[in-house]
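*Asks:* Sending over model.pdb (PDB, C-alpha atoms and all ligand atoms).
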ATOM      1  CA  MET A   1      -1.423 -10.999 -13.656  1.00  0.00           C
ATOM      2  CA  SER A   2      -3.418 -14.052 -12.636  1.00  0.00           C
ATOM      3  CA  PRO A   3      -6.258 -15.103 -14.943  1.00  0.00           C
ATOM      4  CA  LYS A   4      -8.059 -16.583 -11.934  1.00  0.00           C
ATOM      5  CA  ARG A   5      -8.687 -13.272 -10.180  1.00  0.00           C
ATOM      6  CA  THR A   6     -11.801 -11.293 -11.093  1.00  0.00           C
ATOM      7  CA  THR A   7     -10.924  -8.400  -8.791  1.00  0.00           C
ATOM      8  CA  PRO A   8      -7.349  -7.199  -8.428  1.00  0.00           C
ATOM      9  CA  THR A   9      -4.908  -7.318  -5.561  1.00  0.00           C
ATOM     10  CA  ILE A  10      -3.586  -3.811  -5.077  1.00  0.00           C
ATOM     11  CA  VAL A  11      -0.492  -2.978  -3.047  1.00  0.00           C
ATOM     12  CA  MET A  12      -0.724   0.497  -1.486  1.00  0.00           C
ATOM     13  CA  THR A  13       2.757   1.407  -0.356  1.00  0.00           C
ATOM     14  CA  GLY A  14       4.991   4.326   0.586  1.00  0.00           C
ATOM     15  CA  THR A  15       6.842   5.780   3.558  1.00  0.00           C
ATOM     16  CA  PRO A  16       4.817   5.908   6.799  1.00  0.00           C
ATOM     17  CA  GLY A  17       2.566   8.983   6.783  1.00  0.00           C
ATOM     18  CA  VAL A  18       2.255   9.412   3.006  1.00  0.00           C
ATOM     19  CA  GLY A  19      -1.451   8.545   3.130  1.00  0.00           C
ATOM     20  CA  LYS A  20      -1.761   4.817   2.396  1.00  0.00           C
ATOM     21  CA  SER A  21      -4.575   4.112   4.862  1.00  0.00           C
ATOM     22  CA  THR A  22      -6.424   7.298   3.945  1.00  0.00           C
ATOM     23  CA  HIS A  23      -6.281   6.314   0.255  1.00  0.00           C
ATOM     24  CA  ALA A  24      -7.225   2.699   0.939  1.00  0.00           C
ATOM     25  CA  GLN A  25     -10.257   3.708   3.019  1.00  0.00           C
ATOM     26  CA  LEU A  26     -11.567   6.045   0.320  1.00  0.00           C
ATOM     27  CA  LEU A  27     -10.862   3.500  -2.388  1.00  0.00           C
ATOM     28  CA  VAL A  28     -12.965   0.892  -0.558  1.00  0.00           C
ATOM     29  CA  GLN A  29     -15.861   3.393  -0.586  1.00  0.00           C
ATOM     30  CA  GLU A  30     -15.456   4.536  -4.169  1.00  0.00           C
ATOM     31  CA  ALA A  31     -14.611   1.348  -6.044  1.00  0.00           C
ATOM     32  CA  SER A  32     -17.383  -0.331  -7.989  1.00  0.00           C
ATOM     33  CA  VAL A  33     -16.174  -3.726  -6.747  1.00  0.00           C
ATOM     34  CA  PRO A  34     -15.930  -4.971  -3.160  1.00  0.00           C
ATOM     35  CA  LEU A  35     -12.419  -4.444  -1.811  1.00  0.00           C
ATOM     36  CA  LYS A  36     -10.994  -5.458   1.555  1.00  0.00           C
ATOM     37  CA  HIS A  37      -8.470  -3.094   3.096  1.00  0.00           C
ATOM     38  CA  ILE A  38      -5.743  -4.991   4.936  1.00  0.00           C
ATOM     39  CA  ASN A  39      -3.596  -2.712   7.049  1.00  0.00           C
ATOM     40  CA  ILE A  40      -0.555  -4.950   7.504  1.00  0.00           C
ATOM     41  CA  GLY A  41       0.710  -3.125  10.588  1.00  0.00           C
ATOM     42  CA  ASP A  42      -2.623  -3.687  12.364  1.00  0.00           C
ATOM     43  CA  LEU A  43      -2.835  -7.298  11.170  1.00  0.00           C
ATOM     44  CA  VAL A  44       0.666  -8.048  12.493  1.00  0.00           C
ATOM     45  CA  LYS A  45      -0.330  -6.792  15.937  1.00  0.00           C
ATOM     46  CA  GLU A  46      -3.774  -8.422  15.973  1.00  0.00           C
ATOM     47  CA  LYS A  47      -2.540 -11.854  14.933  1.00  0.00           C
ATOM     48  CA  ASN A  48       0.854 -11.758  16.656  1.00  0.00           C
ATOM     49  CA  LEU A  49       2.726 -12.069  13.375  1.00  0.00           C
ATOM     50  CA  TYR A  50       5.944 -10.689  14.818  1.00  0.00           C
ATOM     51  CA  GLU A  51       9.128 -11.947  16.367  1.00  0.00           C
ATOM     52  CA  SER A  52       9.835  -9.022  18.649  1.00  0.00           C
ATOM     53  CA  TYR A  53       9.027  -5.399  19.456  1.00  0.00           C
ATOM     54  CA  ASP A  54      11.665  -2.691  19.500  1.00  0.00           C
ATOM     55  CA  GLU A  55      10.838  -0.121  22.193  1.00  0.00           C
ATOM     56  CA  ASP A  56      13.367   2.431  20.951  1.00  0.00           C
ATOM     57  CA  TRP A  57      12.011   2.461  17.418  1.00  0.00           C
ATOM     58  CA  GLN A  58       8.458   1.645  18.442  1.00  0.00           C
ATOM     59  CA  SER A  59       8.273  -0.962  15.736  1.00  0.00           C
ATOM     60  CA  TYR A  60       7.647  -4.664  15.296  1.00  0.00           C
ATOM     61  CA  GLU A  61      10.075  -7.171  13.796  1.00  0.00           C
ATOM     62  CA  VAL A  62       7.635  -8.984  11.514  1.00  0.00           C
ATOM     63  CA  ASP A  63       7.624 -12.757  11.112  1.00  0.00           C
ATOM     64  CA  GLU A  64       7.464 -12.727   7.314  1.00  0.00           C
ATOM     65  CA  ASP A  65       6.624 -16.409   6.875  1.00  0.00           C
ATOM     66  CA  LYS A  66       3.679 -16.146   9.232  1.00  0.00           C
ATOM     67  CA  LEU A  67       2.529 -12.952   7.573  1.00  0.00           C
ATOM     68  CA  LEU A  68       2.629 -14.456   4.067  1.00  0.00           C
ATOM     69  CA  ASP A  69       0.743 -17.557   5.230  1.00  0.00           C
ATOM     70  CA  GLU A  70      -1.918 -15.354   6.765  1.00  0.00           C
ATOM     71  CA  LEU A  71      -2.291 -13.244   3.617  1.00  0.00           C
ATOM     72  CA  GLU A  72      -2.130 -15.984   0.979  1.00  0.00           C
ATOM     73  CA  PRO A  73      -5.865 -16.884   0.763  1.00  0.00           C
ATOM     74  CA  ASP A  74      -7.091 -13.289   0.442  1.00  0.00           C
ATOM     75  CA  ALA A  75      -4.229 -11.900  -1.604  1.00  0.00           C
ATOM     76  CA  SER A  76      -4.187 -14.677  -4.165  1.00  0.00           C
ATOM     77  CA  ALA A  77      -8.001 -14.557  -4.518  1.00  0.00           C
ATOM     78  CA  GLY A  78      -7.979 -10.791  -5.170  1.00  0.00           C
ATOM     79  CA  GLY A  79     -10.242  -7.951  -4.100  1.00  0.00           C
ATOM     80  CA  VAL A  80      -7.781  -6.722  -1.492  1.00  0.00           C
ATOM     81  CA  ILE A  81      -5.682  -3.662  -0.807  1.00  0.00           C
ATOM     82  CA  LEU A  82      -2.427  -4.531   0.964  1.00  0.00           C
ATOM     83  CA  ASP A  83      -1.456  -1.397   2.870  1.00  0.00           C
ATOM     84  CA  TRP A  84       2.143  -1.404   4.080  1.00  0.00           C
ATOM     85  CA  HIS A  85       5.294   0.740   4.112  1.00  0.00           C
ATOM     86  CA  THR A  86       7.247  -1.935   2.271  1.00  0.00           C
ATOM     87  CA  CYS A  87       6.204  -4.073  -0.678  1.00  0.00           C
ATOM     88  CA  GLU A  88       8.914  -6.421  -1.927  1.00  0.00           C
ATOM     89  CA  ILE A  89       7.796  -9.205   0.408  1.00  0.00           C
ATOM     90  CA  PHE A  90       4.541  -9.718  -1.562  1.00  0.00           C
ATOM     91  CA  PRO A  91       5.018 -12.354  -4.282  1.00  0.00           C
ATOM     92  CA  GLN A  92       4.591 -11.078  -7.830  1.00  0.00           C
ATOM     93  CA  ARG A  93       1.911 -13.686  -8.505  1.00  0.00           C
ATOM     94  CA  TRP A  94      -0.430 -11.947  -6.033  1.00  0.00           C
ATOM     95  CA  VAL A  95       0.006  -8.433  -7.276  1.00  0.00           C
ATOM     96  CA  ASP A  96      -1.892  -6.646 -10.066  1.00  0.00           C
ATOM     97  CA  LEU A  97      -1.124  -3.016  -9.208  1.00  0.00           C
ATOM     98  CA  VAL A  98       1.412  -1.291  -6.957  1.00  0.00           C
ATOM     99  CA  VAL A  99       0.553   2.255  -5.930  1.00  0.00           C
ATOM    100  CA  VAL A 100       3.520   4.126  -4.441  1.00  0.00           C
ATOM    101  CA  LEU A 101       2.370   7.263  -2.663  1.00  0.00           C
ATOM    102  CA  ARG A 102       4.775  10.169  -2.318  1.00  0.00           C
ATOM    103  CA  CYS A 103       4.782  13.254  -0.163  1.00  0.00           C
ATOM    104  CA  ASP A 104       6.872  16.364   0.191  1.00  0.00           C
ATOM    105  CA  HIS A 105       9.294  15.698   3.054  1.00  0.00           C
ATOM    106  CA  THR A 106       8.461  18.797   5.115  1.00  0.00           C
ATOM    107  CA  ARG A 107       4.791  17.884   5.052  1.00  0.00           C
ATOM    108  CA  LEU A 108       5.665  14.294   5.876  1.00  0.00           C
ATOM    109  CA  TRP A 109       7.717  15.465   8.848  1.00  0.00           C
ATOM    110  CA  GLU A 110       4.681  17.294  10.230  1.00  0.00           C
ATOM    111  CA  ARG A 111       2.450  14.267   9.776  1.00  0.00           C
ATOM    112  CA  LEU A 112       4.932  12.013  11.592  1.00  0.00           C
ATOM    113  CA  GLU A 113       5.422  14.542  14.387  1.00  0.00           C
ATOM    114  CA  ALA A 114       1.659  14.568  14.870  1.00  0.00           C
ATOM    115  CA  ARG A 115       1.909  10.822  15.463  1.00  0.00           C
ATOM    116  CA  ASN A 116       4.415  11.363  18.267  1.00  0.00           C
ATOM    117  CA  TYR A 117       7.012   9.188  16.615  1.00  0.00           C
ATOM    118  CA  PRO A 118      10.476   9.323  18.255  1.00  0.00           C
ATOM    119  CA  LEU A 119      12.705  11.863  16.543  1.00  0.00           C
ATOM    120  CA  LYS A 120      15.050   9.250  15.064  1.00  0.00           C
ATOM    121  CA  LYS A 121      12.089   7.441  13.529  1.00  0.00           C
ATOM    122  CA  ILE A 122      10.841  10.682  11.973  1.00  0.00           C
ATOM    123  CA  GLN A 123      14.348  11.365  10.629  1.00  0.00           C
ATOM    124  CA  GLU A 124      14.756   7.883   9.226  1.00  0.00           C
ATOM    125  CA  ASN A 125      11.403   7.942   7.460  1.00  0.00           C
ATOM    126  CA  ASN A 126      11.929  11.441   6.171  1.00  0.00           C
ATOM    127  CA  GLU A 127      15.266  10.457   4.698  1.00  0.00           C
ATOM    128  CA  ALA A 128      13.754   7.329   3.161  1.00  0.00           C
ATOM    129  CA  GLU A 129      11.118   9.482   1.453  1.00  0.00           C
ATOM    130  CA  ILE A 130      13.770  11.860   0.086  1.00  0.00           C
ATOM    131  CA  MET A 131      15.842   8.905  -1.163  1.00  0.00           C
ATOM    132  CA  GLU A 132      12.773   7.299  -2.835  1.00  0.00           C
ATOM    133  CA  VAL A 133      13.458   4.042  -1.016  1.00  0.00           C
ATOM    134  CA  VAL A 134       9.973   2.555  -1.400  1.00  0.00           C
ATOM    135  CA  LEU A 135       9.665   3.646  -5.026  1.00  0.00           C
ATOM    136  CA  ASP A 136      12.983   1.967  -5.861  1.00  0.00           C
ATOM    137  CA  GLU A 137      11.899  -1.147  -4.028  1.00  0.00           C
ATOM    138  CA  ALA A 138       8.600  -1.295  -5.960  1.00  0.00           C
ATOM    139  CA  ARG A 139      10.346  -0.743  -9.290  1.00  0.00           C
ATOM    140  CA  SER A 140      12.898  -3.432  -8.618  1.00  0.00           C
ATOM    141  CA  SER A 141      10.324  -5.955  -7.384  1.00  0.00           C
ATOM    142  CA  TYR A 142       7.496  -5.693  -9.954  1.00  0.00           C
ATOM    143  CA  ALA A 143       6.988  -5.155 -13.685  1.00  0.00           C
ATOM    144  CA  LYS A 144       7.237  -1.445 -14.432  1.00  0.00           C
ATOM    145  CA  GLU A 145       3.775  -1.399 -16.090  1.00  0.00           C
ATOM    146  CA  ILE A 146       2.063  -2.185 -12.802  1.00  0.00           C
ATOM    147  CA  VAL A 147       3.893   0.346 -10.613  1.00  0.00           C
ATOM    148  CA  ILE A 148       2.372   3.824 -10.369  1.00  0.00           C
ATOM    149  CA  GLU A 149       3.734   6.736  -8.381  1.00  0.00           C
ATOM    150  CA  LEU A 150       1.186   9.254  -7.066  1.00  0.00           C
ATOM    151  CA  GLN A 151       1.615  12.453  -5.032  1.00  0.00           C
ATOM    152  CA  SER A 152      -0.329  12.648  -1.773  1.00  0.00           C
ATOM    153  CA  GLU A 153      -0.115  16.201  -0.461  1.00  0.00           C
ATOM    154  CA  GLY A 154      -3.718  17.267   0.005  1.00  0.00           C
ATOM    155  CA  THR A 155      -7.375  16.336  -0.400  1.00  0.00           C
ATOM    156  CA  GLN A 156      -7.394  17.132  -4.098  1.00  0.00           C
ATOM    157  CA  ASP A 157      -4.594  14.616  -4.678  1.00  0.00           C
ATOM    158  CA  LEU A 158      -6.418  12.063  -2.564  1.00  0.00           C
ATOM    159  CA  GLU A 159      -9.612  12.381  -4.577  1.00  0.00           C
ATOM    160  CA  SER A 160      -7.967  12.385  -7.978  1.00  0.00           C
ATOM    161  CA  ASN A 161      -5.681   9.471  -7.066  1.00  0.00           C
ATOM    162  CA  VAL A 162      -8.604   7.366  -5.882  1.00  0.00           C
ATOM    163  CA  ALA A 163     -10.641   8.246  -8.990  1.00  0.00           C
ATOM    164  CA  ARG A 164      -7.690   7.170 -11.104  1.00  0.00           C
ATOM    165  CA  ILE A 165      -7.381   3.817  -9.320  1.00  0.00           C
ATOM    166  CA  VAL A 166     -11.146   3.235  -9.637  1.00  0.00           C
ATOM    167  CA  GLU A 167     -10.820   3.714 -13.417  1.00  0.00           C
ATOM    168  CA  TRP A 168      -7.757   1.465 -13.488  1.00  0.00           C
ATOM    169  CA  ILE A 169      -9.774  -1.309 -11.752  1.00  0.00           C
ATOM    170  CA  LYS A 170     -12.540  -1.047 -14.373  1.00  0.00           C
ATOM    171  CA  ALA A 171     -10.027  -1.289 -17.221  1.00  0.00           C
ATOM    172  CA  TRP A 172      -8.266  -4.215 -15.540  1.00  0.00           C
ATOM    173  CA  GLN A 173     -11.554  -6.084 -15.180  1.00  0.00           C
ATOM    174  CA  GLU A 174     -12.417  -5.518 -18.833  1.00  0.00           C
ATOM    175  CA  ASP A 175      -9.015  -6.887 -19.828  1.00  0.00           C
ATOM    176  CA  GLN A 176      -9.511  -9.904 -17.596  1.00  0.00           C
ATOM    177  CA  ALA A 177     -12.984 -10.593 -19.025  1.00  0.00           C
ATOM    178  CA  GLN A 178     -11.673 -10.306 -22.583  1.00  0.00           C
ATOM    179  CA  ALA A 179      -8.743 -12.599 -21.837  1.00  0.00           C
ATOM    180  CA  SER A 180     -11.031 -15.258 -20.379  1.00  0.00           C
ATOM    181  CA  ASP A 181     -13.402 -14.994 -23.426  1.00  0.00           C
ATOM    182  CA  GLU A 182     -10.450 -15.575 -25.718  1.00  0.00           C
ATOM    183  CA  SER A 183      -9.130 -18.556 -23.823  1.00  0.00           C
TER     184      SER A 183
HETATM  185  N1  LIG B   1      -3.568  13.323   0.359  1.00  0.00           N
HETATM  186  C1  LIG B   1      -3.804  13.719   1.633  1.00  0.00           C
HETATM  187  N2  LIG B   1      -4.530  14.803   1.879  1.00  0.00           N
HETATM  188  C2  LIG B   1      -4.757  15.236   3.140  1.00  0.00           C
HETATM  189  N3  LIG B   1      -4.290  14.601   4.246  1.00  0.00           N
HETATM  190  C3  LIG B   1      -3.569  13.486   4.049  1.00  0.00           C
HETATM  191  C4  LIG B   1      -3.297  12.987   2.750  1.00  0.00           C
HETATM  192  N4  LIG B   1      -2.559  11.867   2.862  1.00  0.00           N
HETATM  193  C5  LIG B   1      -2.381  11.678   4.183  1.00  0.00           C
HETATM  194  N5  LIG B   1      -2.984  12.654   4.896  1.00  0.00           N
HETATM  195  C6  LIG B   1      -3.009  12.775   6.378  1.00  0.00           C
HETATM  196  O1  LIG B   1      -1.725  12.354   6.848  1.00  0.00           O
HETATM  197  C7  LIG B   1      -1.841  11.531   7.992  1.00  0.00           C
HETATM  198  C8  LIG B   1      -1.200  10.160   7.702  1.00  0.00           C
HETATM  199  O2  LIG B   1      -2.013   9.479   6.739  1.00  0.00           O
HETATM  200  P1  LIG B   1      -2.144   7.906   6.732  1.00  0.00           P
HETATM  201  O3  LIG B   1      -3.153   7.555   5.690  1.00  0.00           O
HETATM  202  O4  LIG B   1      -2.391   7.400   8.121  1.00  0.00           O
HETATM  203  O5  LIG B   1      -0.693   7.488   6.262  1.00  0.00           O
HETATM  204  P2  LIG B   1      -0.012   6.050   6.123  1.00  0.00           P
HETATM  205  O6  LIG B   1      -1.134   5.034   6.102  1.00  0.00           O
HETATM  206  O7  LIG B   1       0.738   6.101   4.831  1.00  0.00           O
HETATM  207  O8  LIG B   1       0.901   5.902   7.295  1.00  0.00           O
HETATM  208  C9  LIG B   1      -3.325  11.449   8.311  1.00  0.00           C
HETATM  209  O9  LIG B   1      -3.619  12.426   9.280  1.00  0.00           O
HETATM  210  C10 LIG B   1      -3.996  11.813   7.009  1.00  0.00           C
HETATM  211  O10 LIG B   1      -5.242  12.418   7.203  1.00  0.00           O
END
Can you dump the structure from the file as structure tokens?
Ligand SMILES: Nc1ncnc2c1ncn2[C@@H]1O[C@H](COP(=O)(O)OP(=O)(O)O)[C@@H](O)[C@H]1O

*Replies:*
Amino acid sequence: MSPKRTTPTIVMTGTPGVGKSTHAQLLVQEASVPLKHINIGDLVKEKNLYESYDEDWQSYEVDEDKLLDELEPDASAGGVILDWHTCEIFPQRWVDLVVVLRCDHTRLWERLEARNYPLKKIQENNEAEIMEVVLDEARSSYAKEIVIELQSEGTQDLESNVARIVEWIKAWQEDQAQASDES
């Protein structure tokens, strides 16, 4: 946790299709502080932060150094949601909360099919969700106190998850204010 930030940097992660962007968009609306939603996939395309594009997998090979340079000012200042299907690349010093969204694999399959992903990409992602790949990555990259795992099956989950994060932000800000009073 950085004492310099007055609004947190939140990593919203999970297998493609679990609901990261949907959560981030609602969180921006509901939070009592201004938050900027950075969809890393879109940013990579917009700013050409990739080395190559794989036609077969329909995915970009990201240039991680370029991406981190691009994110540094916003992410270290706080007030951002970093929305990506992987998280370990983000330095610990940026990150105040890691939300790992989870989804039942049959539901996830349907969501990915609706995106017209190639079959092997659907299979790979589905398997990754079953194997808890992103959750393991988050737990091994950040302090366990800042990693939360939330189910994202339906609208009720979406609303309660966002309400929970809104409350977490308020508590985090109170802690930050208290810590700066004491210092
Ligand atoms: N909790 C949820 N309730 C209802 N629909 C959801 C939920 N989470 C995701 N979806 C739906 O699943 C699809 C993928 O969601 P999206 O937010 O784009 O996933 P991600 O950003 O993780 O790839 C969208 O059509 C979205 O509306």

*Asks:* Hey, can I get the axis-aligned box for ligand LIG 1 (chain B)? All listed atoms, 5 Å padding on each side, centre and edge lengths in Å to one decimal, as JSON.

*Replies:*
{"center_x": -2.2, "center_y": 10.1, "center_z": 4.8, "size_x": 16.1, "size_y": 20.2, "size_z": 18.9}

*Asks:* How would you write, as a ChimeraX atom specification, the residues chosen by the PyMOL selection byres (((chain A and resi 89) around 12) and not hetatm) on this structure?

*Replies:* /A:11,13,40,62-69,71,82,84-88,90-95,137-138,140-142

*Asks:* Assuming the chain letters and numbering stay as they are in my file, what does the PyMOL selection byres (((chain A and resi 104) around 9) and not hetatm) actually select? List them as a PDB file with C-alpha atoms, in the coordinates of the input.

*Replies:*
ATOM      1  CA  VAL A  18       2.255   9.412   3.006  1.00  0.00           C
ATOM      2  CA  ARG A 102       4.775  10.169  -2.318  1.00  0.00           C
ATOM      3  CA  CYS A 103       4.782  13.254  -0.163  1.00  0.00           C
ATOM      4  CA  HIS A 105       9.294  15.698   3.054  1.00  0.00           C
ATOM      5  CA  THR A 106       8.461  18.797   5.115  1.00  0.00           C
ATOM      6  CA  ARG A 107       4.791  17.884   5.052  1.00  0.00           C
ATOM      7  CA  LEU A 108       5.665  14.294   5.876  1.00  0.00           C
ATOM      8  CA  TRP A 109       7.717  15.465   8.848  1.00  0.00           C
ATOM      9  CA  GLU A 129      11.118   9.482   1.453  1.00  0.00           C
ATOM     10  CA  ILE A 130      13.770  11.860   0.086  1.00  0.00           C
ATOM     11  CA  GLN A 151       1.615  12.453  -5.032  1.00  0.00           C
ATOM     12  CA  SER A 152      -0.329  12.648  -1.773  1.00  0.00           C
ATOM     13  CA  GLU A 153      -0.115  16.201  -0.461  1.00  0.00           C
TER      14      GLU A 153
END

*Asks:* Can you work out which residues are within 9 Å of ligand LIG 1 (chain B), considering only C-alpha atoms and all ligand atoms, and then hand them over as a PyMOL selection string?

*Replies:* chain A and resi 12-25+39+83-85+101+103+107-108+110-112+114-115+151-159+161

*Asks:* So the first atom is atom CA of Ala179 of chain A and the second is atom CA of Thr7 of chain A; what is the distance between them in Å, to one decimal place?

*Replies:* 13.9 Å

*Asks:* Between atom CA of Thr6 of chain A and atom CA of Ile169 of chain A, measure the distance and give it in Å to one decimal.

*Replies:*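 Taking atom CA of Thr6 of chain A as the start and atom CA of Ile169 of chain A as the end point, the length is 10.2 Å.
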
*Asks:* May I ask which of the residues A:Val162, A:Val134, A:Ile81, A:Leu150 is the closest one to Glu30 of chain A, counting all atoms listed in the file?

*Replies:*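 Closest residue, counting all atoms listed in the file: A:Val162.
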
*Asks:* Of the residues A:Ile10, A:Leu119, A:Leu27, A:Glu70, which is the one nearest to Arg164 of chain A, using only C-alpha atoms?

*Replies:*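 Looking at the shortest contact to Arg164 of chain A, the residue is A:Leu27.
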
*Asks:* Let me make sure I understand: among A:Ala75, A:Val98, A:Val80, A:Ile148, which one has the smallest atom-to-atom distance to Lys36 of chain A if we use all atoms listed in the file?

*Replies:*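 Of A:Ala75, A:Val98, A:Val80, A:Ile148, the one nearest Lys36 of chain A is A:Val80, counting all atoms listed in the file.
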
*Asks:* Please measure the separation of atom CA of Gln176 of chain A and atom CA of Pro8 of chain A, giving the value in Å to one decimal.

*Replies:*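 So the answer is 9.8 Å.
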
*Asks:* For the structure provided, state which residues fall under the PyMOL selection byres (((chain A and resi 76) around 8) and not hetatm), and present them as a ChimeraX atom specification.

*Replies:* /A:5,9,72-75,77-78,93-94

*Asks:* Go through A:Glu55, A:Asp181, A:Glu124, A:Asp96 one by one, measure the shortest atom-to-atom distance of each to Trp168 of chain A using all atoms listed in the file, and give the residue with the smallest value.

*Replies:*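 Checking each of A:Glu55, A:Asp181, A:Glu124, A:Asp96 against Trp168 of chain A, counting all atoms listed in the file, the winner is A:Asp96.
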
*Asks:* Neighbouring residues of Lys120 of chain A were defined as those with any atom within 12 Å, considering all atoms listed in the file; residues of the same chain fewer than 5 positions away were excluded. Please report them as a PyMOL selection string.

*Replies:* chain A and resi 56-58+109+112-113+125-127
